[in-house]
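A.B. asks: File data-v1.cif follows (mmCIF, C-alpha atoms):
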data_input
loop_
_atom_site.label_atom_id
_atom_site.label_comp_id
_atom_site.auth_asym_id
_atom_site.auth_seq_id
_atom_site.Cartn_x
_atom_site.Cartn_y
_atom_site.Cartn_z
CA MET Z 1 -40.67 16.96 -0.46
CA SER Z 2 -39.09 13.62 -1.35
CA VAL Z 3 -39.91 10.03 -2.22
CA ALA Z 4 -37.84 6.84 -2.57
CA PRO Z 5 -39.78 4.17 -4.51
CA ILE Z 6 -38.74 0.50 -4.74
CA ALA Z 7 -39.02 -1.31 -8.09
CA GLY Z 8 -38.90 -5.04 -8.81
CA LYS Z 9 -39.31 -8.11 -6.62
CA GLY Z 10 -37.20 -10.30 -4.36
CA ASN Z 11 -33.44 -10.12 -4.78
CA SER Z 12 -33.76 -8.03 -7.96
CA MET Z 13 -35.34 -5.03 -6.22
CA GLN Z 14 -33.87 -1.59 -6.87
CA ARG Z 15 -34.61 1.80 -5.41
CA ASP Z 16 -33.85 5.43 -6.17
CA TYR Z 17 -35.27 8.76 -5.07
CA TRP Z 18 -36.02 12.32 -6.08
CA TYR Z 19 -37.00 15.45 -4.19
CA SER Z 20 -37.89 19.11 -4.50
CA SER Z 21 -36.53 21.73 -2.09
CA GLU Z 22 -37.00 25.50 -2.43
CA ARG Z 23 -37.10 28.54 -0.20
CA ASN Z 24 -40.37 29.61 -1.86
CA ALA Z 25 -43.07 26.93 -1.88
CA CYS Z 26 -44.39 28.32 -5.18
CA ASP Z 27 -41.17 27.15 -6.86
CA MET Z 28 -41.57 23.54 -5.72
CA ALA Z 29 -42.12 20.78 -8.25
CA SER Z 30 -45.51 19.09 -8.01
CA PRO Z 31 -45.86 15.80 -6.09
CA ASP Z 32 -46.78 14.08 -9.39
CA GLU Z 33 -43.57 15.29 -11.06
CA VAL Z 34 -41.37 14.25 -8.14
CA GLY Z 35 -43.02 10.83 -7.88
CA ARG Z 36 -42.94 10.13 -11.61
CA TYR Z 37 -39.25 11.01 -11.97
CA ALA Z 38 -38.30 9.02 -8.86
CA ALA Z 39 -40.19 6.00 -10.25
CA GLU Z 40 -38.45 6.34 -13.64
CA ARG Z 41 -35.07 6.41 -11.90
CA SER Z 42 -35.87 3.28 -9.86
CA LEU Z 43 -37.15 1.38 -12.89
CA SER Z 44 -34.07 2.31 -14.93
CA ARG Z 45 -31.87 0.46 -12.43
CA LEU Z 46 -33.57 -2.94 -12.81
CA ASN Z 47 -31.46 -5.82 -14.12
CA ALA Z 48 -28.21 -4.13 -13.06
CA ARG Z 49 -24.95 -6.00 -13.61
CA LYS Z 50 -21.42 -5.99 -12.32
CA ILE Z 51 -18.64 -5.03 -14.73
CA ALA Z 52 -15.03 -6.13 -14.97
CA THR Z 53 -12.37 -3.99 -13.28
CA THR Z 54 -11.15 -1.32 -15.69
CA GLU Z 55 -9.95 2.26 -16.13
CA CYS Z 56 -12.26 4.58 -18.05
CA PRO Z 57 -13.76 8.07 -18.22
CA VAL Z 58 -16.43 8.77 -15.60
CA LEU Z 59 -19.40 11.12 -15.94
CA PHE Z 60 -20.87 12.33 -12.63
CA GLU Z 61 -24.57 13.21 -12.70
CA SER Z 62 -25.05 16.87 -11.76
CA PRO Z 63 -26.31 16.31 -8.16
CA LEU Z 64 -23.23 14.14 -7.51
CA ALA Z 65 -20.95 16.65 -9.24
CA ALA Z 66 -21.97 19.14 -6.57
CA GLY Z 67 -20.23 16.78 -4.13
CA LEU Z 68 -16.96 17.22 -6.05
CA LEU Z 69 -17.38 20.96 -5.67
CA GLY Z 70 -17.98 20.43 -1.97
CA GLY Z 71 -14.73 18.46 -1.77
CA PHE Z 72 -12.86 21.44 -3.19
CA VAL Z 73 -14.49 23.78 -0.65
CA GLN Z 74 -13.49 21.54 2.25
CA ALA Z 75 -9.92 21.32 0.99
CA VAL Z 76 -9.49 25.12 0.80
CA SER Z 77 -11.37 26.00 3.99
CA GLY Z 78 -9.62 27.70 6.88
CA GLY Z 79 -9.74 24.86 9.41
CA ALA Z 80 -8.09 22.37 7.06
CA LEU Z 81 -5.53 24.96 5.94
CA TYR Z 82 -4.26 26.10 9.33
CA ARG Z 83 -4.18 22.51 10.59
CA LYS Z 84 -2.25 21.55 7.43
CA SER Z 85 -4.69 18.68 6.91
CA THR Z 86 -5.48 19.26 3.24
CA PHE Z 87 -4.05 18.13 -0.08
CA LEU Z 88 -4.55 21.72 -1.37
CA LEU Z 89 -2.29 23.39 1.18
CA ASP Z 90 -0.75 26.66 -0.12
CA SER Z 91 -2.84 26.43 -3.29
CA LEU Z 92 -3.72 30.15 -3.44
CA GLY Z 93 -2.69 31.48 -6.84
CA LYS Z 94 -1.99 27.99 -8.18
CA ARG Z 95 -3.81 26.17 -10.98
CA VAL Z 96 -5.83 23.33 -9.45
CA PHE Z 97 -8.27 22.87 -12.36
CA PRO Z 98 -7.87 23.08 -16.15
CA LYS Z 99 -7.91 26.61 -17.61
CA HIS Z 100 -11.53 26.34 -18.74
CA ILE Z 101 -12.89 25.88 -15.19
CA GLN Z 102 -14.46 28.75 -13.19
CA ILE Z 103 -15.98 28.78 -9.68
CA ALA Z 104 -17.98 31.82 -8.54
CA GLU Z 105 -19.58 32.61 -5.19
CA ASP Z 106 -22.62 34.91 -4.98
CA PRO Z 107 -24.25 35.24 -1.55
CA HIS Z 108 -26.88 37.71 -2.80
CA ILE Z 109 -28.94 35.66 -5.28
CA PRO Z 110 -32.63 36.35 -4.45
CA GLY Z 111 -34.13 33.13 -3.14
CA GLY Z 112 -30.80 31.31 -3.26
CA LYS Z 113 -30.59 28.38 -0.85
CA ALA Z 114 -27.30 29.65 0.57
CA SER Z 115 -27.94 33.39 0.21
CA ALA Z 116 -27.01 35.55 3.21
CA PRO Z 117 -26.15 39.24 3.71
CA PHE Z 118 -23.61 38.27 6.36
CA ASP Z 119 -21.97 35.10 7.68
CA GLU Z 120 -22.39 33.47 11.12
CA GLU Z 121 -19.99 36.00 12.66
CA GLY Z 122 -21.84 38.99 11.22
CA VAL Z 123 -19.22 39.68 8.55
CA THR Z 124 -20.69 41.14 5.35
CA THR Z 125 -20.68 38.68 2.46
CA GLN Z 126 -19.47 39.59 -1.02
CA ALA Z 127 -19.71 38.09 -4.50
CA ARG Z 128 -16.32 36.90 -5.72
CA GLN Z 129 -14.46 34.64 -8.12
CA VAL Z 130 -13.06 31.68 -6.15
CA VAL Z 131 -11.42 29.96 -9.13
CA LYS Z 132 -10.54 31.84 -12.33
CA ASP Z 133 -9.22 30.02 -15.38
CA GLY Z 134 -8.43 27.02 -13.15
CA ARG Z 135 -6.42 29.08 -10.65
CA VAL Z 136 -7.43 29.39 -6.96
CA GLU Z 137 -8.26 33.04 -6.27
CA GLY Z 138 -9.56 32.71 -2.72
CA TYR Z 139 -10.03 30.46 0.30
CA PHE Z 140 -13.08 30.04 2.58
CA LEU Z 141 -12.15 31.69 5.88
CA SER Z 142 -13.82 32.72 9.12
CA THR Z 143 -12.34 35.41 11.35
CA TYR Z 144 -10.70 32.78 13.55
CA SER Z 145 -9.18 30.68 10.76
CA ALA Z 146 -8.07 33.80 8.89
CA ARG Z 147 -6.24 35.05 11.99
CA LYS Z 148 -4.51 31.68 12.37
CA LEU Z 149 -3.31 31.98 8.77
CA GLY Z 150 -2.32 35.64 8.98
CA MET Z 151 -5.04 36.53 6.47
CA ARG Z 152 -8.41 38.33 6.43
CA THR Z 153 -11.82 36.70 6.73
CA THR Z 154 -13.67 36.00 3.49
CA GLY Z 155 -17.09 36.08 5.18
CA ASN Z 156 -17.44 32.30 5.15
CA ALA Z 157 -17.96 31.45 8.81
CA GLY Z 158 -20.55 28.69 8.52
CA GLY Z 159 -19.70 27.70 4.96
CA SER Z 160 -19.87 28.82 1.35
CA HIS Z 161 -22.66 30.83 -0.27
CA ASN Z 162 -24.20 29.85 -3.63
CA LEU Z 163 -21.23 28.39 -5.49
CA THR Z 164 -21.41 27.83 -9.25
CA LEU Z 165 -19.01 25.55 -11.14
CA THR Z 166 -18.83 26.32 -14.86
CA SER Z 167 -16.63 25.73 -17.89
CA LYS Z 168 -15.78 28.11 -20.72
CA LEU Z 169 -16.16 25.14 -23.06
CA THR Z 170 -19.83 24.46 -22.18
CA ARG Z 171 -22.32 25.10 -24.98
CA SER Z 172 -26.07 25.62 -24.55
CA GLN Z 173 -26.74 22.31 -26.32
CA ASP Z 174 -24.55 20.29 -23.93
CA ASP Z 175 -27.44 18.49 -22.24
CA LEU Z 176 -27.11 15.04 -20.67
CA ASP Z 177 -27.35 13.26 -24.03
CA ALA Z 178 -24.52 15.43 -25.36
CA MET Z 179 -22.44 14.69 -22.27
CA LEU Z 180 -22.96 10.96 -22.78
CA GLN Z 181 -21.65 11.44 -26.32
CA LYS Z 182 -18.58 13.19 -24.89
CA LEU Z 183 -18.15 10.29 -22.45
CA GLY Z 184 -18.13 7.84 -25.36
CA THR Z 185 -17.44 4.51 -23.64
CA GLY Z 186 -17.26 4.63 -19.87
CA LEU Z 187 -19.23 4.94 -16.65
CA PHE Z 188 -22.13 7.29 -15.89
CA VAL Z 189 -22.52 7.51 -12.10
CA ILE Z 190 -25.86 8.37 -10.48
CA GLU Z 191 -25.25 7.28 -6.87
CA LEU Z 192 -22.25 7.23 -4.54
CA MET Z 193 -21.94 5.37 -1.23
CA GLY Z 194 -19.56 5.60 1.70
CA GLN Z 195 -17.25 8.35 2.90
CA GLY Z 196 -14.02 7.22 1.23
CA VAL Z 197 -12.39 10.61 0.74
CA ASN Z 198 -9.09 11.45 2.46
CA TYR Z 199 -8.72 15.23 2.42
CA VAL Z 200 -5.13 15.05 3.68
CA THR Z 201 -3.91 13.07 0.65
CA GLY Z 202 -6.79 13.62 -1.79
CA ASP Z 203 -7.33 9.87 -2.18
CA TYR Z 204 -10.88 9.13 -3.36
CA SER Z 205 -12.62 5.74 -3.27
CA ARG Z 206 -16.39 5.28 -3.11
CA GLY Z 207 -19.00 2.68 -3.89
CA ALA Z 208 -21.01 3.60 -6.98
CA THR Z 209 -24.08 2.76 -9.01
CA GLY Z 210 -24.87 3.94 -12.50
CA PHE Z 211 -24.85 2.94 -16.15
CA TRP Z 212 -22.28 1.56 -18.55
CA VAL Z 213 -22.17 3.70 -21.68
CA GLU Z 214 -20.96 2.53 -25.08
CA LYS Z 215 -20.45 4.86 -28.05
CA GLY Z 216 -22.36 7.62 -26.27
CA ARG Z 217 -25.45 5.57 -25.45
CA ILE Z 218 -26.50 3.89 -22.19
CA ALA Z 219 -25.99 0.13 -22.57
CA TYR Z 220 -27.15 -1.24 -19.20
CA PRO Z 221 -27.30 -0.39 -15.46
CA VAL Z 222 -24.37 -1.40 -13.23
CA GLN Z 223 -24.05 -1.90 -9.48
CA GLU Z 224 -21.65 -3.12 -6.77
CA ILE Z 225 -18.65 -1.25 -8.14
CA THR Z 226 -16.10 1.12 -6.66
CA ILE Z 227 -14.60 4.18 -8.36
CA ALA Z 228 -11.19 5.40 -7.21
CA GLY Z 229 -8.68 8.13 -7.94
CA ASN Z 230 -7.13 11.20 -6.35
CA LEU Z 231 -8.98 14.50 -6.16
CA LYS Z 232 -5.94 16.38 -7.47
CA ASP Z 233 -5.97 14.26 -10.61
CA MET Z 234 -9.76 14.32 -10.83
CA PHE Z 235 -9.89 18.12 -10.66
CA GLN Z 236 -7.17 18.43 -13.30
CA GLY Z 237 -8.91 15.77 -15.38
CA ILE Z 238 -12.25 17.58 -15.76
CA GLU Z 239 -12.80 17.61 -19.50
CA ALA Z 240 -16.32 19.04 -19.69
CA ILE Z 241 -19.22 20.39 -17.64
CA GLY Z 242 -22.75 19.96 -18.96
CA ALA Z 243 -25.40 22.60 -19.52
CA ASP Z 244 -27.73 20.39 -17.43
CA ALA Z 245 -27.10 22.60 -14.40
CA TYR Z 246 -28.70 21.57 -11.12
CA THR Z 247 -28.67 23.31 -7.73
CA PHE Z 248 -27.89 20.92 -4.88
CA GLY Z 249 -28.14 22.91 -1.65
CA GLY Z 250 -25.87 25.92 -2.08
CA LYS Z 251 -23.90 24.50 -5.02
CA ARG Z 252 -24.80 24.60 -8.71
CA THR Z 253 -23.15 22.64 -11.52
CA GLY Z 254 -23.94 20.55 -14.55
CA SER Z 255 -22.78 16.96 -14.99
CA VAL Z 256 -18.98 16.66 -14.79
CA LEU Z 257 -16.84 14.49 -17.06
CA VAL Z 258 -13.53 13.26 -15.57
CA ASN Z 259 -11.09 11.87 -18.13
CA ARG Z 260 -10.02 8.71 -16.28
CA MET Z 261 -10.68 6.82 -13.04
CA LYS Z 262 -10.20 3.28 -11.77
CA VAL Z 263 -13.38 1.24 -11.62
CA ALA Z 264 -13.27 -1.90 -9.47
CA GLY Z 265 -15.86 -4.52 -10.40
CA SER Z 266 -15.92 -8.30 -10.57
#
Using the file provided, produce a representation of the structure as structure tokens.

C.D. replies:
Amino acid sequence: MSVAPIAGKGNSMQRDYWYSSERNACDMASPDEVGRYAAERSLSRLNARKIATTECPVLFESPLAAGLLGGFVQAVSGGALYRKSTFLLDSLGKRVFPKHIQIAEDPHIPGGKASAPFDEEGVTTQARQVVKDGRVEGYFLSTYSARKLGMRTTGNAGGSHNLTLTSKLTRSQDDLDAMLQKLGTGLFVIELMGQGVNYVTGDYSRGATGFWVEKGRIAYPVQEITIAGNLKDMFQGIEAIGADAYTFGGKRTGSVLVNRMKVAGS
């Protein structure tokens, strides 16, 4: 269930959306809750401005942070690895993230959106640690891609299963307000546009919308900007993960703070 309301008039109109998606209908948010939150998001974007080109910390809202996790999965998946078309080639056993970062896969969470007793090839799935203390512990392999690499399948034909990105530094009180305080002065991103990710080189450049934050408080909405960096640097530059965890499809993470990115504005 989803809705995308439009706020404002004429050239100053803004829109945003929200949705609820669950395997069990009893767990769905109510239509009133979905509509109210979507309306609040749209209204918060009114009177958006451009900002001057700069370099600053960037905080990714938790649903968008799941996309960063998805970028890691794509870069360490069998097809990209055996074709040598990934910036994380031969990364097994190497530290790709800071030491405080962990990524776990658990295919057997009851009601999980990506839960499965076996993958698309019938291989039994298993819970495992994909990244431990920043170090890559495992790839995402099907039988075919594993054979091409001289390895064994990881039970991931068809994709990953219920991934969770966490940090050892996260405290229970690290909600969104606390993450904005950690951001200090910088950009809080709530929407990304375009497909500007090169998985061969790791180069990352996408249109963005969000809020400019000063001294830990939202100052004003911003639009028509581009954020750019390299996924290798962005992964290594993760300073904090919020306790505001959100499950987007089969991936769960809180908001993610990256220490520095280029922001192209006016």

A.B. asks: Nearest to Z:Pro107: which of Z:Gly210, Z:Gly194, Z:Gly155, Z:Gly237 is it, counting all atoms listed in the file?

C.D. replies: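 Using all atoms listed in the file, the shortest distance to Z:Pro107 belongs to Z:Gly155.
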
A.B. asks: For this file, the PyMOL selection byres ((chain Z and resi 212) around 12) selects which residues, as an NGL selection string?

C.D. replies: :Z and (45 or 48-52 or 54 or 56-59 or 180 or 183-190 or 208-211 or 213-223 or 225 or 263)

A.B. asks: Given the file above and the PyMOL selection byres ((chain Z and resi 99) around 9), which residues are selected, and can you give them as a list in words?

C.D. replies: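 Residues picked by the PyMOL selection byres ((chain Z and resi 99) around 9): Arg95, Phe97, Pro98, His100, Ile101, Gln102, Lys132, Asp133, Gly134, Arg135, Ser167 and Lys168 of chain Z.
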
A.B. asks: Since I can't run it myself right now, could you work out what the PyMOL selection byres ((chain Z and resi 149) around 8) selects here and report it as a PDB file with C-alpha atoms, in the coordinates of the input?

C.D. replies:
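Generated output (expr-v8.pdb):
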ATOM      1  CA  GLY Z  78      -9.620  27.700   6.880  1.00  0.00           C
ATOM      2  CA  LEU Z  81      -5.530  24.960   5.940  1.00  0.00           C
ATOM      3  CA  TYR Z  82      -4.260  26.100   9.330  1.00  0.00           C
ATOM      4  CA  SER Z 145      -9.180  30.680  10.760  1.00  0.00           C
ATOM      5  CA  ALA Z 146      -8.070  33.800   8.890  1.00  0.00           C
ATOM      6  CA  ARG Z 147      -6.240  35.050  11.990  1.00  0.00           C
ATOM      7  CA  LYS Z 148      -4.510  31.680  12.370  1.00  0.00           C
ATOM      8  CA  GLY Z 150      -2.320  35.640   8.980  1.00  0.00           C
ATOM      9  CA  MET Z 151      -5.040  36.530   6.470  1.00  0.00           C
TER      10      MET Z 151
END

A.B. asks: Which residue out of Z:Ala7, Z:Met261, Z:Cys26, Z:Ala127 has the minimum interatomic distance to Z:Ile109 when all atoms listed in the file are used?

C.D. replies: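 For Z:Ile109, the nearest of the given residues is Z:Ala127.
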
A.B. asks: Just how far from atom CA of Z:Ser77 is atom CA of Z:Lys262, in Å to one decimal?

C.D. replies: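 According to the coordinates, atom CA of Z:Lys262 and atom CA of Z:Ser77 are separated by 27.7 Å.
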
A.B. asks: Out of Z:Ala243, Z:Gly229, Z:Thr164, Z:Gln129, which residue has the shortest atom-to-atom distance to Z:Leu176 when counting only C-alpha atoms?

C.D. replies: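 Result for the nearest residue to Z:Leu176: Z:Ala243.
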
A.B. asks: Measure the distance from atom CA of Z:Leu69 to atom CA of Z:Leu169 in Å and round it to one decimal.

C.D. replies: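 Interatomic distance, atom CA of Z:Leu69 to atom CA of Z:Leu169: 17.9 Å.
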
A.B. asks: Using only C-alpha atoms, find the one residue out of Z:Asp32, Z:His108, Z:Ser2, Z:Glu61 that sits nearest to Z:Glu191.

C.D. replies: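 Distance minimum relative to Z:Glu191 lands on Z:Glu61.
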
A.B. asks: Within 7 Å of Z:Arg128, counting all atoms listed in the file, which residues show up once you throw out same-chain ones fewer than 6 positions away? Write them as a VMD selection string, please.

C.D. replies: chain Z and resid 104 to 106

A.B. asks: For atom CA of Z:Asn198 and atom CA of Z:Asn162, quote the distance in Å rounded to one decimal.

C.D. replies: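 Straight-line distance from atom CA of Z:Asn198 to atom CA of Z:Asn162 works out to 24.6 Å.
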
A.B. asks: Do a neighbour search on Z:Leu92 at 7 Å with only C-alpha atoms, toss out local chain neighbours closer than 5 positions, and write the hits as an mmCIF file with C-alpha atoms, in the frame of the given file.

C.D. replies:
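After the write, selection18.cif holds the following:
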data_model
loop_
_atom_site.group_PDB
_atom_site.id
_atom_site.type_symbol
_atom_site.label_atom_id
_atom_site.label_comp_id
_atom_site.auth_asym_id
_atom_site.auth_seq_id
_atom_site.Cartn_x
_atom_site.Cartn_y
_atom_site.Cartn_z
ATOM 1 C CA VAL Z 136 -7.430 29.390 -6.960
ATOM 2 C CA GLU Z 137 -8.260 33.040 -6.270
ATOM 3 C CA GLY Z 138 -9.560 32.710 -2.720
#

A.B. asks: Closest to Z:Gly93 among Z:Asp27, Z:Arg152, Z:Ala65, Z:Val131, using all atoms listed in the file?

C.D. replies: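 Nearest to Z:Gly93: Z:Val131.
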
A.B. asks: Measuring atom to atom with all atoms listed in the file, identify which of Z:Leu257, Z:Asp174, Z:Glu120, Z:Val96 is nearest to Z:Asp233.

C.D. replies: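 Among the listed residues, the smallest separation from Z:Asp233 belongs to Z:Val96.
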
A.B. asks: Can you put N, CA, C and O atoms back into stretch 132-156 of chain Z and show it as a tab-separated table (two decimals), in the coordinates of the input?

C.D. replies:
chain	number	residue	atom	x	y	z
Z	132	LYS	N	-10.51	31.16	-11.03
Z	132	LYS	CA	-10.54	31.84	-12.33
Z	132	LYS	C	-9.55	31.16	-13.26
Z	132	LYS	O	-8.37	31.06	-12.94
Z	133	ASP	N	-10.06	30.70	-14.39
Z	133	ASP	CA	-9.22	30.02	-15.38
Z	133	ASP	C	-8.41	28.89	-14.74
Z	133	ASP	O	-7.23	28.70	-15.03
Z	134	GLY	N	-9.06	28.16	-13.80
Z	134	GLY	CA	-8.43	27.02	-13.15
Z	134	GLY	C	-7.57	27.36	-11.96
Z	134	GLY	O	-7.11	26.46	-11.25
Z	135	ARG	N	-7.34	28.65	-11.71
Z	135	ARG	CA	-6.42	29.08	-10.65
Z	135	ARG	C	-7.21	29.49	-9.41
Z	135	ARG	O	-8.22	30.20	-9.50
Z	136	VAL	N	-6.75	29.06	-8.22
Z	136	VAL	CA	-7.43	29.39	-6.96
Z	136	VAL	C	-7.21	30.87	-6.63
Z	136	VAL	O	-6.08	31.32	-6.45
Z	137	GLU	N	-8.32	31.61	-6.55
Z	137	GLU	CA	-8.26	33.04	-6.27
Z	137	GLU	C	-8.59	33.37	-4.82
Z	137	GLU	O	-8.33	34.49	-4.36
Z	138	GLY	N	-9.19	32.41	-4.10
Z	138	GLY	CA	-9.56	32.71	-2.72
Z	138	GLY	C	-9.87	31.46	-1.94
Z	138	GLY	O	-10.27	30.42	-2.50
Z	139	TYR	N	-9.68	31.54	-0.62
Z	139	TYR	CA	-10.03	30.46	0.30
Z	139	TYR	C	-11.41	30.73	0.90
Z	139	TYR	O	-12.08	31.73	0.57
Z	140	PHE	N	-11.83	29.87	1.84
Z	140	PHE	CA	-13.08	30.04	2.58
Z	140	PHE	C	-12.72	30.17	4.06
Z	140	PHE	O	-12.43	29.17	4.72
Z	141	LEU	N	-12.70	31.41	4.55
Z	141	LEU	CA	-12.15	31.69	5.88
Z	141	LEU	C	-13.15	32.38	6.79
Z	141	LEU	O	-13.90	33.26	6.36
Z	142	SER	N	-13.14	31.98	8.06
Z	142	SER	CA	-13.82	32.72	9.12
Z	142	SER	C	-12.82	33.69	9.74
Z	142	SER	O	-11.63	33.68	9.38
Z	143	THR	N	-13.27	34.49	10.67
Z	143	THR	CA	-12.34	35.41	11.35
Z	143	THR	C	-11.26	34.64	12.09
Z	143	THR	O	-10.07	34.99	12.03
Z	144	TYR	N	-11.66	33.56	12.77
Z	144	TYR	CA	-10.70	32.78	13.55
Z	144	TYR	C	-9.66	32.12	12.65
Z	144	TYR	O	-8.45	32.25	12.88
Z	145	SER	N	-10.13	31.39	11.61
Z	145	SER	CA	-9.18	30.68	10.76
Z	145	SER	C	-8.30	31.66	9.98
Z	145	SER	O	-7.12	31.39	9.76
Z	146	ALA	N	-8.86	32.80	9.61
Z	146	ALA	CA	-8.07	33.80	8.89
Z	146	ALA	C	-6.94	34.34	9.79
Z	146	ALA	O	-5.80	34.51	9.34
Z	147	ARG	N	-7.25	34.55	11.06
Z	147	ARG	CA	-6.24	35.05	11.99
Z	147	ARG	C	-5.13	34.01	12.17
Z	147	ARG	O	-3.94	34.35	12.22
Z	148	LYS	N	-5.51	32.74	12.23
Z	148	LYS	CA	-4.51	31.68	12.37
Z	148	LYS	C	-3.57	31.62	11.16
Z	148	LYS	O	-2.41	31.23	11.27
Z	149	LEU	N	-4.09	32.02	10.00
Z	149	LEU	CA	-3.31	31.98	8.77
Z	149	LEU	C	-2.63	33.31	8.44
Z	149	LEU	O	-1.92	33.41	7.43
Z	150	GLY	N	-2.88	34.32	9.27
Z	150	GLY	CA	-2.32	35.64	8.98
Z	150	GLY	C	-3.00	36.30	7.80
Z	150	GLY	O	-2.39	37.10	7.08
Z	151	MET	N	-4.28	35.99	7.59
Z	151	MET	CA	-5.04	36.53	6.47
Z	151	MET	C	-6.30	37.23	6.99
Z	151	MET	O	-6.48	37.36	8.20
Z	152	ARG	N	-7.15	37.68	6.06
Z	152	ARG	CA	-8.41	38.33	6.43
Z	152	ARG	C	-9.58	37.40	6.14
Z	152	ARG	O	-9.53	36.60	5.21
Z	153	THR	N	-10.63	37.52	6.93
Z	153	THR	CA	-11.82	36.70	6.73
Z	153	THR	C	-12.41	36.94	5.34
Z	153	THR	O	-12.35	38.05	4.81
Z	154	THR	N	-12.98	35.88	4.78
Z	154	THR	CA	-13.67	36.00	3.49
Z	154	THR	C	-15.19	36.02	3.67
Z	154	THR	O	-15.93	35.96	2.68
Z	155	GLY	N	-15.65	36.08	4.94
Z	155	GLY	CA	-17.09	36.08	5.18
Z	155	GLY	C	-17.71	34.71	5.00
Z	155	GLY	O	-18.87	34.60	4.60
Z	156	ASN	N	-16.95	33.67	5.34
Z	156	ASN	CA	-17.44	32.30	5.15
Z	156	ASN	C	-17.54	31.51	6.44
Z	156	ASN	O	-17.47	30.28	6.41
